[in-house]
Each structure stands twice: as structure tokens, then as C-alpha cells.
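J.: Quick one: this structure, given as C-alpha cells, is what I'll be asking you about.
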Amino acid sequence: MDTTDSKATGPKATDQNALGGIDPATVSRLRLAIARIHRQMVQASSGQGLTFAQLSALARVEQHGPLRLGELAARERVAASSMTRTLAPLTAAGLVGKAPDPQDGRSWLIEVTAHGREVLAEIRRERSEMLAARIGGLTAEQCAALYAAIPVLEALTDEPE
């Protein structure tokens, strides 16, 4: 057998194949770092008692709204019935409202209220302050590496529409 064969075998090779050839330990480190940063940002903000799904829906309506329920559900990749349950507390809290769809009188458009915009702005401010404080503790070299990684991390967030 040729010992210079570049094809790896065994469990680690199988894991790498499943991960597109990327080292599982590297993927794990990245996943854990992202999860921990997210958790710390959530803890740093009041969050207004919103669940992840509620905050995501609220931000999505702000970004793309006003939207029909079905369109919002599709953008969030959930069933319309799930989105109805997600929106109920947001509506009760006055963070989103419904307006008649001018193109279809039988439909409603979900839109963010002024209060909803204020809540989102506060959450974003609190989370940005926490992240800025963490970045402020990095060395110049670490900051340069982080800033260089931002476009790559943004590319990872691109979702096909």
C-alpha cells in the first residue's frame, strides 16, 4: 500500500467528510465561540422577556415589513401556525400591530410599532455596548484579526432567499 496516499480513513476522516473536509475540532471551536458570544450578548441585554423566536420575528418585520403572516413565517422558516403563536405575545405587548392589506382586504399586514422599534433599539444598544467592551480588551493584533474576519462571518450568515 502506498503510504503517501492523501485519503484519510477512520472515524475522524468520516467526520471531516460529513463536514465538507473541515476539521471537526475547528468547527466545534467556532460553533462554541459563536454560541458563547451570543449567550453573553443575550445576558447583557434586558431582552424584554422575549424569546429568541419572538425577537427574531420582531427584527424580521422591522427589516422587511410590513409583511403578511405567511411571508413572515416563510422568512423565519416556520409554519404559519407557529408564527401566529410567536406573534401573539408581541401583539399583546404592543410591539407589533396589524394593518389591513391594501391589496387584499381579507389579509392583514404585520408591522412594528413605535414601541417595538424602541425595544429593538434598546436591546441592540445593550448588546453592542457589551461587545464593544469585550473588543476594547483585545490587543491591536487581535482587533485586526477580528475586523478582517467580519466579512467572512457575514458570508456565513447569508441565507438563500
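Just remember, in the C-alpha cells the first chain shown is A, the second B, etc., residues are 1-based per chain, and ligands are 1-based in the order shown.
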Which of chain A counts as helix (DSSP H, G or I) under DSSP, as a PyMOL selection string please?
T.: chain A and resi 11-18+24-44+47-49+52-64+69-76+80-92+114-136+140-157
J.: I'd like the neighbourhood of Gly94 (chain A) as a list in words, where a residue qualifies if any of its atoms comes within 9 Å (using only C-alpha atoms), though same-chain residues fewer than 4 positions away should be ignored.
T.: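 My reading of the contact set: Pro89, Leu90, Val112, Thr113, Ala114, His115 and Gly116 of chain A.
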J.: One decimal, Å: what's the distance from CA of Pro66 (chain A) over to CA of Glu111 (chain A), could you say?
T.: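 Calculated distance between CA of Pro66 (chain A) and CA of Glu111 (chain A) is 4.6 Å.
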J.: So, with only C-alpha atoms as the atoms that count, which of A:Ala149, A:Val27, A:Leu131, A:Val96 lies closest to Val61 (chain A)?
T.: A:Val96
J.: Any idea what's packed within 10 Å of Gln48 (chain A), counting only C-alpha atoms, ignoring anything in its chain fewer than 6 positions away? Could you give it as a ChimeraX atom specification?
T.: /A:55,93,119-120,122-123
J.: Figure out the distance between CA of Glu126 (chain A) and CA of Gln40 (chain A), please, to one decimal in Å.
T.: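 Separation between CA of Gln40 (chain A) and CA of Glu126 (chain A): 11.0 Å.
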J.: Taking only region 13-108 of chain A into account, list the residues labelled strand (DSSP E) by DSSP (computed from the backbone), as a ChimeraX atom specification.
T.: /A:67-68,96-101,104-108
J.: Would you list the contacts of Ala79 (chain A) as a list in words, taking every protein, DNA or RNA residue within 10 Å and counting only C-alpha atoms, but skipping same-chain residues closer than 6 positions in sequence?
T.: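 So, after excluding close chain neighbours, the residues are Leu69, Gly70, Leu72 and Ala73 of chain A.
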J.: Can you measure CA of Leu50 (chain A) to CA of Arg29 (chain A) for me? One decimal in Å is fine.
T.: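 Between these atoms lies a distance of 27.9 Å.
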J.: Return the single residue from A:Arg134, A:Ala35, A:Leu87, A:Ser81 that is closest to Ser56 (chain A), with distances computed using only C-alpha atoms.
T.: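 Closest to Ser56 (chain A) of all the choices is A:Leu87.
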J.: Taking a cut-off of 7 Å and counting only C-alpha atoms, can you build a table that, for each residue of region 30-100 of chain A near region 104-110 of chain A, reports the nearest atom pair and how far apart they are in Å (one decimal), sorted by chain then residue number, as CSV?
T.:
residue,atom,partner,partner_atom,distance
A:Gly65,CA,A:Ile110,CA,7.0
A:Pro66,CA,A:Ile110,CA,5.3
A:Leu67,CA,A:Leu109,CA,5.0
A:Arg68,CA,A:Leu109,CA,4.6
A:Leu69,CA,A:Ile110,CA,6.7
A:Val96,CA,A:Ile110,CA,6.6
A:Gly97,CA,A:Ile110,CA,5.8
A:Lys98,CA,A:Ile110,CA,4.8
A:Ala99,CA,A:Leu109,CA,5.2
A:Pro100,CA,A:Trp108,CA,4.6
